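Peer 1: Structure file entry_18.pdb, PDB, C-alpha atoms, is pasted below:
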```pdb
ATOM      1  CA  MET A   1      99.316  72.346  95.827
ATOM      2  CA  LYS A   2      99.004  74.798  92.932
ATOM      3  CA  PRO A   3      98.614  78.423  94.100
ATOM      4  CA  ILE A   4      95.214  80.044  93.596
ATOM      5  CA  ARG A   5      95.592  83.585  92.269
ATOM      6  CA  VAL A   6      92.788  86.104  92.808
ATOM      7  CA  GLY A   7      92.270  89.794  92.195
ATOM      8  CA  ILE A   8      90.208  92.338  94.089
ATOM      9  CA  ILE A   9      89.283  95.833  92.918
ATOM     10  CA  ASP A  10      88.266  97.707  96.055
ATOM     11  CA  ILE A  11      86.221 100.886  95.513
ATOM     12  CA  GLY A  12      86.474 103.107  98.576
ATOM     13  CA  SER A  13      85.321 106.644  99.208
ATOM     14  CA  ASN A  14      88.820 108.067  98.854
ATOM     15  CA  SER A  15      90.636 105.708  96.473
ATOM     16  CA  ILE A  16      90.209 102.654  94.253
ATOM     17  CA  LYS A  17      92.716  99.834  94.625
ATOM     18  CA  LEU A  18      93.662  96.603  92.900
ATOM     19  CA  GLN A  19      95.162  93.800  94.988
ATOM     20  CA  ILE A  20      96.356  90.571  93.410
ATOM     21  CA  ALA A  21      97.173  87.809  95.868
ATOM     22  CA  GLU A  22      97.851  84.081  95.934
ATOM     23  CA  GLY A  23      96.532  81.438  98.264
ATOM     24  CA  LEU A  24      99.251  78.938  99.025
ATOM     25  CA  GLY A  25      99.002  75.819 101.140
ATOM     26  CA  GLY A  26      96.998  76.105 104.352
ATOM     27  CA  THR A  27      95.605  79.567 105.093
ATOM     28  CA  GLU A  28      98.556  81.683 103.922
ATOM     29  CA  ILE A  29      97.765  84.542 101.521
ATOM     30  CA  ARG A  30     100.701  86.076  99.650
ATOM     31  CA  HIS A  31     100.876  89.544  98.085
ATOM     32  CA  VAL A  32     101.559  89.512  94.324
ATOM     33  CA  HIS A  33     100.720  92.961  92.907
ATOM     34  CA  PHE A  34      99.136  96.233  94.028
ATOM     35  CA  GLU A  35      97.877  99.321  92.179
ATOM     36  CA  VAL A  36      96.001 102.376  93.433
ATOM     37  CA  GLU A  37      94.000 105.083  91.707
ATOM     38  CA  GLU A  38      93.628 108.148  93.946
ATOM     39  CA  VAL A  39      90.070 108.850  92.802
ATOM     40  CA  ARG A  40      87.704 110.243  95.421
ATOM     41  CA  ILE A  41      84.062 109.344  94.786
ATOM     42  CA  GLY A  42      82.820 110.099  98.317
ATOM     43  CA  GLU A  43      82.515 113.886  98.287
ATOM     44  CA  GLY A  44      78.728 113.714  97.913
ATOM     45  CA  MET A  45      78.187 111.773 101.135
ATOM     46  CA  THR A  46      77.174 114.847 103.141
ATOM     47  CA  LYS A  47      74.437 115.833 100.701
ATOM     48  CA  ASN A  48      70.810 115.076 101.490
ATOM     49  CA  PRO A  49      70.342 112.432 100.244
ATOM     50  CA  PRO A  50      73.969 111.293  99.830
ATOM     51  CA  VAL A  51      74.938 110.729  96.201
ATOM     52  CA  ILE A  52      77.852 109.821  93.975
ATOM     53  CA  GLU A  53      78.099 112.850  91.722
ATOM     54  CA  SER A  54      78.015 112.338  87.946
ATOM     55  CA  GLY A  55      81.646 113.397  87.541
ATOM     56  CA  ALA A  56      82.688 110.941  90.245
ATOM     57  CA  ILE A  57      80.779 108.131  88.510
ATOM     58  CA  LYS A  58      82.676 108.896  85.298
ATOM     59  CA  ILE A  59      86.192 109.094  86.764
ATOM     60  CA  GLY A  60      85.492 106.218  89.153
ATOM     61  CA  THR A  61      84.416 103.995  86.282
ATOM     62  CA  GLN A  62      87.471 104.999  84.254
ATOM     63  CA  ALA A  63      89.732 104.103  87.195
ATOM     64  CA  VAL A  64      88.051 100.724  87.647
ATOM     65  CA  ALA A  65      88.365 100.039  83.903
ATOM     66  CA  ARG A  66      92.125 100.773  84.042
ATOM     67  CA  LEU A  67      92.602  98.468  87.021
ATOM     68  CA  HIS A  68      90.462  95.809  85.341
ATOM     69  CA  SER A  69      92.775  96.018  82.307
ATOM     70  CA  ILE A  70      95.847  95.571  84.533
ATOM     71  CA  ALA A  71      94.227  92.630  86.327
ATOM     72  CA  SER A  72      93.481  90.941  82.992
ATOM     73  CA  GLN A  73      97.232  90.725  82.353
ATOM     74  CA  HIS A  74      97.568  88.317  85.276
ATOM     75  CA  LYS A  75      96.387  84.729  85.113
ATOM     76  CA  LEU A  76      93.648  84.938  87.733
ATOM     77  CA  ASN A  77      91.375  82.215  88.973
ATOM     78  CA  GLN A  78      88.881  84.914  89.919
ATOM     79  CA  LEU A  79      88.482  88.695  89.903
ATOM     80  CA  SER A  80      86.040  90.442  92.207
ATOM     81  CA  ILE A  81      84.995  94.112  92.308
ATOM     82  CA  VAL A  82      83.685  95.369  95.645
ATOM     83  CA  ALA A  83      82.572  98.709  97.043
ATOM     84  CA  THR A  84      82.259 100.050 100.572
ATOM     85  CA  SER A  85      80.881 103.145 102.271
ATOM     86  CA  ALA A  86      80.300 105.623  99.424
ATOM     87  CA  VAL A  87      78.468 103.171  97.171
ATOM     88  CA  ARG A  88      76.730 101.584 100.155
ATOM     89  CA  ASP A  89      75.257 104.908 101.277
ATOM     90  CA  ALA A  90      74.640 106.670  97.973
ATOM     91  CA  HIS A  91      71.030 107.232  96.973
ATOM     92  CA  ASN A  92      71.990 106.734  93.318
ATOM     93  CA  SER A  93      74.359 103.777  93.782
ATOM     94  CA  HIS A  94      72.535 101.825  91.046
ATOM     95  CA  LYS A  95      73.917 104.262  88.458
ATOM     96  CA  PHE A  96      77.473 103.523  89.581
ATOM     97  CA  VAL A  97      76.817  99.774  89.661
ATOM     98  CA  ASP A  98      75.401  99.913  86.121
ATOM     99  CA  SER A  99      78.399 101.928  84.914
ATOM    100  CA  ILE A 100      80.881  99.421  86.359
ATOM    101  CA  ARG A 101      78.980  96.488  84.835
ATOM    102  CA  THR A 102      79.025  98.148  81.403
ATOM    103  CA  ALA A 103      82.758  98.911  81.624
ATOM    104  CA  THR A 104      83.941  95.541  82.946
ATOM    105  CA  GLY A 105      81.184  92.962  82.538
ATOM    106  CA  ILE A 106      81.455  92.245  86.267
ATOM    107  CA  GLU A 107      78.669  92.712  88.811
ATOM    108  CA  LEU A 108      79.804  95.028  91.582
ATOM    109  CA  ARG A 109      79.431  93.601  95.095
ATOM    110  CA  THR A 110      78.521  96.263  97.646
ATOM    111  CA  LEU A 111      79.635  95.204 101.122
ATOM    112  CA  SER A 112      77.485  95.921 104.153
ATOM    113  CA  GLY A 113      79.188  97.565 107.119
ATOM    114  CA  ALA A 114      79.214  94.243 108.973
ATOM    115  CA  GLU A 115      80.712  92.411 105.993
ATOM    116  CA  GLU A 116      83.383  95.064 105.600
ATOM    117  CA  ALA A 117      84.372  94.900 109.272
ATOM    118  CA  ASN A 118      84.466  91.093 109.309
ATOM    119  CA  LEU A 119      86.578  90.909 106.147
ATOM    120  CA  ILE A 120      89.047  93.484 107.499
ATOM    121  CA  GLY A 121      89.340  91.321 110.603
ATOM    122  CA  LYS A 122      89.904  88.233 108.459
ATOM    123  CA  GLY A 123      92.555  90.103 106.511
ATOM    124  CA  VAL A 124      94.582  91.357 109.473
ATOM    125  CA  LEU A 125      94.831  87.826 110.875
ATOM    126  CA  GLN A 126      96.889  87.010 107.765
ATOM    127  CA  ASP A 127      99.635  89.375 108.964
ATOM    128  CA  PRO A 128     102.611  87.307 110.213
ATOM    129  CA  LYS A 129     103.977  90.302 112.159
ATOM    130  CA  LEU A 130     100.898  90.233 114.412
ATOM    131  CA  ALA A 131     100.937  86.490 115.030
ATOM    132  CA  THR A 132     101.905  86.964 118.704
ATOM    133  CA  LEU A 133      99.335  89.717 119.339
ATOM    134  CA  ASN A 134      96.281  88.126 120.955
ATOM    135  CA  ASP A 135      94.054  90.877 122.398
ATOM    136  CA  PHE A 136      93.710  94.077 120.375
ATOM    137  CA  THR A 137      91.334  96.540 118.779
ATOM    138  CA  LEU A 138      91.483  96.777 114.989
ATOM    139  CA  SER A 139      90.397 100.012 113.306
ATOM    140  CA  ASP A 140      90.282 100.739 109.581
ATOM    141  CA  LEU A 141      89.628 104.382 108.754
ATOM    142  CA  GLY A 142      88.434 105.133 105.239
ATOM    143  CA  GLY A 143      86.987 108.162 103.536
ATOM    144  CA  GLY A 144      83.373 107.287 104.346
ATOM    145  CA  SER A 145      83.436 105.006 107.355
ATOM    146  CA  LEU A 146      85.404 103.680 110.303
ATOM    147  CA  GLU A 147      85.435  99.918 110.833
ATOM    148  CA  PHE A 148      86.019  98.563 114.346
ATOM    149  CA  ILE A 149      86.808  94.974 115.370
ATOM    150  CA  ARG A 150      87.843  93.780 118.833
ATOM    151  CA  PHE A 151      89.869  90.583 119.153
ATOM    152  CA  LYS A 152      90.342  88.343 122.176
ATOM    153  CA  ASN A 153      92.840  85.504 121.696
ATOM    154  CA  GLN A 154      92.819  86.419 117.962
ATOM    155  CA  VAL A 155      89.080  85.750 117.752
ATOM    156  CA  SER A 156      86.714  88.554 116.769
ATOM    157  CA  VAL A 157      84.311  89.214 119.663
ATOM    158  CA  ALA A 158      82.773  92.518 118.514
ATOM    159  CA  SER A 159      82.604  94.591 115.341
ATOM    160  CA  HIS A 160      80.901  97.751 114.154
ATOM    161  CA  SER A 161      80.909 100.124 111.184
ATOM    162  CA  PHE A 162      80.617 103.849 111.955
ATOM    163  CA  ASP A 163      79.867 106.746 109.587
ATOM    164  CA  LEU A 164      83.029 108.486 110.752
ATOM    165  CA  GLY A 165      85.159 108.525 107.594
ATOM    166  CA  ALA A 166      87.763 111.229 107.078
ATOM    167  CA  VAL A 167      86.200 112.654 103.900
ATOM    168  CA  ARG A 168      82.754 112.597 105.492
ATOM    169  CA  LEU A 169      83.779 114.538 108.622
ATOM    170  CA  ALA A 170      86.141 116.887 106.795
ATOM    171  CA  SER A 171      83.272 117.828 104.480
ATOM    172  CA  GLN A 172      81.031 118.404 107.464
ATOM    173  CA  PHE A 173      83.312 120.432 109.725
ATOM    174  CA  LEU A 174      86.047 122.102 107.634
ATOM    175  CA  HIS A 175      85.149 124.892 105.223
ATOM    176  CA  ASP A 176      88.666 125.095 103.758
ATOM    177  CA  ARG A 177      90.670 121.885 104.174
ATOM    178  CA  LYS A 178      93.886 123.513 103.001
ATOM    179  CA  LYS A 179      94.072 125.786 106.030
ATOM    180  CA  PRO A 180      95.277 124.739 109.487
ATOM    181  CA  VAL A 181      92.567 123.204 111.670
ATOM    182  CA  SER A 182      91.530 125.547 114.464
ATOM    183  CA  LEU A 183      90.955 124.305 118.002
ATOM    184  CA  PRO A 184      87.145 124.811 117.772
ATOM    185  CA  GLN A 185      87.084 122.842 114.504
ATOM    186  CA  ARG A 186      89.115 120.044 116.062
ATOM    187  CA  GLU A 187      86.815 119.946 119.067
ATOM    188  CA  ASN A 188      83.768 119.727 116.788
ATOM    189  CA  ILE A 189      85.244 116.679 115.047
ATOM    190  CA  GLU A 190      86.196 115.126 118.379
ATOM    191  CA  ASN A 191      82.699 115.686 119.761
ATOM    192  CA  ALA A 192      81.136 114.057 116.706
ATOM    193  CA  VAL A 193      83.362 111.000 117.100
ATOM    194  CA  ARG A 194      82.883 110.751 120.857
ATOM    195  CA  THR A 195      79.096 111.153 120.688
ATOM    196  CA  THR A 196      78.799 108.462 118.015
ATOM    197  CA  LEU A 197      80.971 106.044 119.990
ATOM    198  CA  GLN A 198      79.179 106.695 123.288
ATOM    199  CA  ARG A 199      75.828 105.906 121.696
ATOM    200  CA  SER A 200      77.075 102.625 120.240
ATOM    201  CA  SER A 201      77.339  99.149 121.722
ATOM    202  CA  ILE A 202      81.145  99.414 121.595
ATOM    203  CA  GLN A 203      82.630 100.398 124.939
ATOM    204  CA  PRO A 204      86.166 100.451 126.382
ATOM    205  CA  ASP A 205      87.601  97.161 127.609
ATOM    206  CA  PRO A 206      90.290  97.622 130.303
ATOM    207  CA  GLY A 207      91.845  94.319 129.194
ATOM    208  CA  VAL A 208      92.461  95.550 125.639
ATOM    209  CA  THR A 209      94.869  98.502 125.483
ATOM    210  CA  THR A 210      96.551  97.735 122.148
ATOM    211  CA  ALA A 211      95.272  99.049 118.822
ATOM    212  CA  VAL A 212      96.057  97.944 115.271
ATOM    213  CA  LEU A 213      95.371 100.425 112.462
ATOM    214  CA  THR A 214      94.905  99.699 108.770
ATOM    215  CA  GLY A 215      93.949 101.940 105.865
ATOM    216  CA  GLY A 216      95.466 104.944 104.094
ATOM    217  CA  THR A 217      95.928 107.074 107.206
ATOM    218  CA  ALA A 218      97.578 104.165 108.991
ATOM    219  CA  SER A 219     100.115 103.816 106.160
ATOM    220  CA  ILE A 220     101.046 107.511 106.496
ATOM    221  CA  LEU A 221     101.275 107.355 110.284
ATOM    222  CA  SER A 222     103.428 104.238 110.095
ATOM    223  CA  GLN A 223     106.031 106.240 108.179
ATOM    224  CA  LEU A 224     106.185 108.644 111.126
ATOM    225  CA  ALA A 225     106.380 105.882 113.741
ATOM    226  CA  PRO A 226     109.639 104.530 115.195
ATOM    227  CA  GLN A 227     110.613 100.896 114.695
ATOM    228  CA  SER A 228     109.973  98.589 117.664
ATOM    229  CA  GLY A 229     111.622  95.244 117.043
ATOM    230  CA  THR A 230     110.171  93.879 113.784
ATOM    231  CA  LYS A 231     107.127  96.165 113.983
ATOM    232  CA  LYS A 232     106.458  99.894 113.829
ATOM    233  CA  ARG A 233     104.377 101.364 116.611
ATOM    234  CA  LEU A 234     103.262 104.596 118.256
ATOM    235  CA  ASP A 235     102.305 105.270 121.826
ATOM    236  CA  PHE A 236      99.258 107.438 122.409
ATOM    237  CA  VAL A 237     101.313 110.481 123.445
ATOM    238  CA  ALA A 238     103.254 110.360 120.171
ATOM    239  CA  ALA A 239     100.008 109.966 118.181
ATOM    240  CA  ARG A 240      98.538 113.072 119.841
ATOM    241  CA  SER A 241     101.740 114.980 119.078
ATOM    242  CA  ILE A 242     101.374 114.127 115.368
ATOM    243  CA  ARG A 243      97.721 115.197 115.513
ATOM    244  CA  ASP A 244      98.672 118.563 117.005
ATOM    245  CA  ARG A 245     101.503 119.140 114.506
ATOM    246  CA  VAL A 246      99.461 118.327 111.434
ATOM    247  CA  SER A 247      96.491 120.383 112.651
ATOM    248  CA  GLU A 248      98.736 123.449 112.835
ATOM    249  CA  MET A 249     100.035 122.963 109.271
ATOM    250  CA  ASP A 250      98.470 124.160 106.078
ATOM    251  CA  PHE A 251      98.090 121.923 103.009
ATOM    252  CA  ASP A 252     101.557 122.606 101.563
ATOM    253  CA  GLU A 253     103.290 122.143 104.919
ATOM    254  CA  ARG A 254     101.698 118.727 105.393
ATOM    255  CA  ILE A 255     103.178 117.624 102.091
ATOM    256  CA  ALA A 256     106.591 119.236 102.578
ATOM    257  CA  ASN A 257     107.163 118.453 106.269
ATOM    258  CA  LEU A 258     105.384 115.110 106.732
ATOM    259  CA  ALA A 259     105.448 113.717 103.173
ATOM    260  CA  VAL A 260     101.676 113.316 103.213
ATOM    261  CA  PRO A 261     100.507 112.341  99.691
ATOM    262  CA  THR A 262      99.062 115.313  97.812
ATOM    263  CA  LYS A 263      95.688 113.671  97.241
ATOM    264  CA  ARG A 264      95.315 112.888 100.962
ATOM    265  CA  ALA A 265      96.803 116.027 102.486
ATOM    266  CA  ASP A 266      93.430 117.791 102.691
ATOM    267  CA  ILE A 267      91.875 115.094 104.922
ATOM    268  CA  PHE A 268      94.918 113.926 106.903
ATOM    269  CA  PRO A 269      94.332 116.290 109.876
ATOM    270  CA  THR A 270      90.714 115.104 110.166
ATOM    271  CA  ALA A 271      91.874 111.500 109.978
ATOM    272  CA  THR A 272      94.416 111.904 112.779
ATOM    273  CA  ILE A 273      91.821 113.684 114.945
ATOM    274  CA  ILE A 274      89.330 110.824 114.432
ATOM    275  CA  LEU A 275      91.881 108.142 115.256
ATOM    276  CA  CYS A 276      93.213 109.912 118.352
ATOM    277  CA  GLU A 277      89.696 110.422 119.691
ATOM    278  CA  LEU A 278      88.939 106.749 119.047
ATOM    279  CA  MET A 279      92.111 105.641 120.836
ATOM    280  CA  GLN A 280      91.350 107.898 123.788
ATOM    281  CA  PHE A 281      87.779 106.606 124.029
ATOM    282  CA  LEU A 282      88.983 102.987 123.952
ATOM    283  CA  GLY A 283      91.843 103.587 126.382
ATOM    284  CA  CYS A 284      94.442 102.269 123.923
ATOM    285  CA  GLU A 285      98.044 102.978 124.892
ATOM    286  CA  THR A 286      99.952 101.396 121.995
ATOM    287  CA  ILE A 287      99.241 101.534 118.260
ATOM    288  CA  TYR A 288     100.583  99.036 115.697
ATOM    289  CA  PHE A 289     100.055  99.114 111.933
ATOM    290  CA  SER A 290      99.116  96.452 109.414
ATOM    291  CA  PHE A 291      98.822  96.418 105.635
ATOM    292  CA  PHE A 292      96.772  93.209 105.712
ATOM    293  CA  ASN A 293      93.296  94.636 105.303
ATOM    294  CA  LEU A 294      89.931  94.227 103.605
ATOM    295  CA  ARG A 295      91.484  93.041 100.349
ATOM    296  CA  PHE A 296      93.445  90.282 102.055
ATOM    297  CA  GLY A 297      90.282  89.189 103.846
ATOM    298  CA  LEU A 298      88.470  89.025 100.515
ATOM    299  CA  ALA A 299      91.388  87.139  98.965
ATOM    300  CA  ALA A 300      91.226  84.556 101.767
ATOM    301  CA  GLU A 301      87.459  84.225 101.278
ATOM    302  CA  MET A 302      87.825  83.782  97.508
ATOM    303  CA  VAL A 303      90.618  81.218  97.849
ATOM    304  CA  GLU A 304      88.597  79.218 100.366
ATOM    305  CA  ALA A 305      85.534  79.260  98.074
ATOM    306  CA  HIS A 306      87.605  78.193  95.065
ATOM    307  CA  ARG A 307      89.129  75.265  96.961
ATOM    308  CA  SER A 308      85.734  74.136  98.242
ATOM    309  CA  ALA A 309      84.253  74.255  94.744
ATOM    310  CA  ASN A 310      87.088  72.149  93.353
ATOM    311  CA  LEU A 311      87.262  69.421  95.987
TER     312      LEU A 311
END
```
Here is a file; write its structure as structure tokens.
Peer 2:
Amino acid sequence: MKPIRVGIIDIGSNSIKLQIAEGLGGTEIRHVHFEVEEVRIGEGMTKNPPVIESGAIKIGTQAVARLHSIASQHKLNQLSIVATSAVRDAHNSHKFVDSIRTATGIELRTLSGAEEANLIGKGVLQDPKLATLNDFTLSDLGGGSLEFIRFKNQVSVASHSFDLGAVRLASQFLHDRKKPVSLPQRENIENAVRTTLQRSSIQPDPGVTTAVLTGGTASILSQLAPQSGTKKRLDFVAARSIRDRVSEMDFDERIANLAVPTKRADIFPTATIILCELMQFLGCETIYFSFFNLRFGLAAEMVEAHRSANL
């Protein structure tokens, strides 16, 4: 069977990414090429109403145009451009959609929170390293939102999208993100996360004590995690220790001591605080990491649709 090659440009609150993948025989999705533009369009999410600022529309469109140009160099069966929390919530999202259409000729697909969560779940099930993991909680932390999916026997039984992104909460609770995070600031972030979770339909399940993390923060944390067999993992105590260390560091120390990327160093403490509070609320004892995420879920969806259309 001839491979089906697809491309996805994923516009998040904190970065814009291009993933090119191939669908092989069966349900397997294979990575081909990846590019990222560290362009943050989600800074206006705490305004009333939330907006994508004009400068962010300009640089976001330029980033998408560059990734679109790279994608055009590959022989793709299909290219899709999708957006998540920032575009979903912005009062002026139509301006961004129009700008992307003008630059690329492609209609931007804005995912609902439910669609985003379900596609992340679909993506992580492509990860061969998690094939033996049956019951777990999957969390994808972005700049604007936190996606949650609970799996039992590798079947999604619950999902939710929360407005608990790292850029969103850092903007709300930290006046200067380059300074260390004080204990009162940390507690304010924790309270916001805990209150949101307590008011939701998602509650702890004593039978599910394993977490899987995806997203930019997960990729940084995985570099700090020890190897366990073929997988990297953290226990909850180690995760809290990282949270405490990074909260005590200023911007430059995060980069120098933990190799946090420069364009994420301002929000990394907030991100670790959010994830630790989530893990504590859920009662998760062990944390694994996966790089099979939203884009792999979209790739699987696109490959399936292409096969169905060509039967």
Peer 1: Out of A:Asn153, A:Glu190, A:Asn257, A:Phe268, which residue has the shortest atom-to-atom distance to A:Leu221 when counting all atoms listed in the file?
Peer 2: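 Selected residue with least distance to A:Leu221: A:Phe268.
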Peer 1: Would you mind listing what lies within 12 Å of A:Glu187 as a list in words, with all atoms listed in the file counted and same-chain residues fewer than 6 positions away left out?
Peer 2: Phe173, Leu174, Val181, Val193, Arg194, Thr195, Ser247, Thr270, Ile273, Ile274, Cys276 and Glu277 of chain A
Peer 1: Mind telling me what the PyMOL selection byres ((chain A and resi 223) around 12) catches here, as a VMD selection string?
Peer 2: chain A and resid 216 to 222 224 to 227 231 to 234 242 258 to 261 288 to 289
Peer 1: Find the residues with any atom within 10 Å of (91.0, 124.5, 113.1); use all atoms listed in the file and the coordinates as given in the file, and write the answer as a PDB file with C-alpha atoms, in the frame of the given file.
Peer 2:
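Written output follows (out35.pdb):
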```pdb
ATOM      1  CA  PHE A 173      83.312 120.432 109.725  1.00  0.00           C
ATOM      2  CA  LEU A 174      86.047 122.102 107.634  1.00  0.00           C
ATOM      3  CA  HIS A 175      85.149 124.892 105.223  1.00  0.00           C
ATOM      4  CA  ASP A 176      88.666 125.095 103.758  1.00  0.00           C
ATOM      5  CA  ARG A 177      90.670 121.885 104.174  1.00  0.00           C
ATOM      6  CA  LYS A 179      94.072 125.786 106.030  1.00  0.00           C
ATOM      7  CA  PRO A 180      95.277 124.739 109.487  1.00  0.00           C
ATOM      8  CA  VAL A 181      92.567 123.204 111.670  1.00  0.00           C
ATOM      9  CA  SER A 182      91.530 125.547 114.464  1.00  0.00           C
ATOM     10  CA  LEU A 183      90.955 124.305 118.002  1.00  0.00           C
ATOM     11  CA  PRO A 184      87.145 124.811 117.772  1.00  0.00           C
ATOM     12  CA  GLN A 185      87.084 122.842 114.504  1.00  0.00           C
ATOM     13  CA  ARG A 186      89.115 120.044 116.062  1.00  0.00           C
ATOM     14  CA  GLU A 187      86.815 119.946 119.067  1.00  0.00           C
ATOM     15  CA  ASN A 188      83.768 119.727 116.788  1.00  0.00           C
ATOM     16  CA  ILE A 189      85.244 116.679 115.047  1.00  0.00           C
ATOM     17  CA  SER A 247      96.491 120.383 112.651  1.00  0.00           C
ATOM     18  CA  GLU A 248      98.736 123.449 112.835  1.00  0.00           C
ATOM     19  CA  MET A 249     100.035 122.963 109.271  1.00  0.00           C
ATOM     20  CA  PRO A 269      94.332 116.290 109.876  1.00  0.00           C
ATOM     21  CA  THR A 270      90.714 115.104 110.166  1.00  0.00           C
TER      22      THR A 270
END
```
Peer 1: When you look at stretch 127-137 of chain A with a cut-off of 6 Å (counting only C-alpha atoms), what residues show up, excluding the ones that are within fewer than 2 positions of it in the same chain? I need them as JSON, numbers by chain.
Peer 2: {"A": [124, 125, 149, 150, 151, 152, 153, 154, 208, 210, 211, 292]}
Peer 1: Just C-alpha atoms for this one: save the residues we selected as a PDB file, in the frame of the given file.
Peer 2:
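Once everything was written out, this is out-v5.pdb:
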```pdb
ATOM      1  CA  VAL A 124      94.582  91.357 109.473  1.00  0.00           C
ATOM      2  CA  LEU A 125      94.831  87.826 110.875  1.00  0.00           C
ATOM      3  CA  ILE A 149      86.808  94.974 115.370  1.00  0.00           C
ATOM      4  CA  ARG A 150      87.843  93.780 118.833  1.00  0.00           C
ATOM      5  CA  PHE A 151      89.869  90.583 119.153  1.00  0.00           C
ATOM      6  CA  LYS A 152      90.342  88.343 122.176  1.00  0.00           C
ATOM      7  CA  ASN A 153      92.840  85.504 121.696  1.00  0.00           C
ATOM      8  CA  GLN A 154      92.819  86.419 117.962  1.00  0.00           C
ATOM      9  CA  VAL A 208      92.461  95.550 125.639  1.00  0.00           C
ATOM     10  CA  THR A 210      96.551  97.735 122.148  1.00  0.00           C
ATOM     11  CA  ALA A 211      95.272  99.049 118.822  1.00  0.00           C
ATOM     12  CA  PHE A 292      96.772  93.209 105.712  1.00  0.00           C
TER      13      PHE A 292
END
```
Peer 1: I'd like the neighbourhood of A:Ile8 as a VMD selection string, where a residue qualifies if any of its atoms comes within 6 Å (using all atoms listed in the file), though same-chain residues fewer than 5 positions away should be ignored.
Peer 2: chain A and resid 18 to 19 79 to 81
Peer 1: Restricting the calculation to all atoms listed in the file, which member of A:Gln73, A:Thr272, A:Asn14, A:Asn191 is positioned closest to A:Ser241?
Peer 2: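 Nearest candidate to A:Ser241 out of A:Gln73, A:Thr272, A:Asn14, A:Asn191: A:Thr272.
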Peer 1: Evaluate the PyMOL selection byres ((chain A and resi 82-84) around 8) and record the selected residues as a PDB file with C-alpha atoms, keeping the file's coordinate frame, following the chain and residue labels used in the document.
Peer 2:
```
ATOM      1  CA  ILE A   8      90.208  92.338  94.089  1.00  0.00           C
ATOM      2  CA  ILE A   9      89.283  95.833  92.918  1.00  0.00           C
ATOM      3  CA  ASP A  10      88.266  97.707  96.055  1.00  0.00           C
ATOM      4  CA  ILE A  11      86.221 100.886  95.513  1.00  0.00           C
ATOM      5  CA  GLY A  12      86.474 103.107  98.576  1.00  0.00           C
ATOM      6  CA  SER A  13      85.321 106.644  99.208  1.00  0.00           C
ATOM      7  CA  SER A  80      86.040  90.442  92.207  1.00  0.00           C
ATOM      8  CA  ILE A  81      84.995  94.112  92.308  1.00  0.00           C
ATOM      9  CA  SER A  85      80.881 103.145 102.271  1.00  0.00           C
ATOM     10  CA  ALA A  86      80.300 105.623  99.424  1.00  0.00           C
ATOM     11  CA  VAL A  87      78.468 103.171  97.171  1.00  0.00           C
ATOM     12  CA  ARG A  88      76.730 101.584 100.155  1.00  0.00           C
ATOM     13  CA  LEU A 108      79.804  95.028  91.582  1.00  0.00           C
ATOM     14  CA  ARG A 109      79.431  93.601  95.095  1.00  0.00           C
ATOM     15  CA  THR A 110      78.521  96.263  97.646  1.00  0.00           C
ATOM     16  CA  LEU A 111      79.635  95.204 101.122  1.00  0.00           C
ATOM     17  CA  SER A 112      77.485  95.921 104.153  1.00  0.00           C
ATOM     18  CA  GLY A 113      79.188  97.565 107.119  1.00  0.00           C
ATOM     19  CA  GLU A 116      83.383  95.064 105.600  1.00  0.00           C
TER      20      GLU A 116
END
```
Peer 1: Mind pulling up the distance from atom CA of A:Glu37 to atom CA of A:Ala63?
Peer 2: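 Between these atoms lies a distance of 6.3 Å.
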Peer 1: Please determine, counting all atoms listed in the file, which residue among A:Asn92, A:Thr46, A:Gln62, A:Gln78 has the shortest atom-to-atom distance to A:Ala21.
Peer 2: A:Gln78
Peer 1: So which one's closest to A:Ser139, A:Glu107, A:Ala238, A:Arg245, A:Ser159? Using only C-alpha atoms, please.
Peer 2: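 Checking each candidate against A:Ser139, we get A:Ser159 as the closest.
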Peer 1: Using all atoms listed in the file, can you tell me which of A:Ala305, A:Ile267, A:Val246, A:Ala256 comes closest to A:Ser171?
Peer 2: A:Ile267
Peer 1: Of the candidates A:Val97, A:Ser72, A:Glu22, A:His33, which one gets nearest to A:Lys58 if we count only C-alpha atoms?
Peer 2: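 Checking each of A:Val97, A:Ser72, A:Glu22, A:His33 against A:Lys58, counting only C-alpha atoms, the winner is A:Val97.
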Peer 1: Excluding A:Phe296 and residues on its chain fewer than 2 positions from it, collect all residues at most 9 Å away from it, counting all atoms listed in the file, and give them as a list in words.
Peer 2: Ile8, Gln19, Ala21, Ile29, Arg30, His31, Leu119, Ile120, Lys122, Gly123, Val124, Gln126, Phe291, Phe292, Asn293, Leu294, Leu298, Ala299, Ala300 and Glu301 of chain A
Peer 1: Could you state the separation of atom CA of A:Ser200 and atom CA of A:Thr214 in Å, given to one decimal place?
Peer 2: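 Going from atom CA of A:Ser200 over to atom CA of A:Thr214, I get 21.4 Å.
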Peer 1: Show which residues sit within 9 Å of A:Val51, as JSON, numbers by chain. Count only C-alpha atoms, and ignore same-chain residues fewer than 2 positions away.
Peer 2: {"A": [42, 43, 44, 45, 46, 47, 48, 49, 53, 54, 86, 87, 89, 90, 91, 92, 93]}
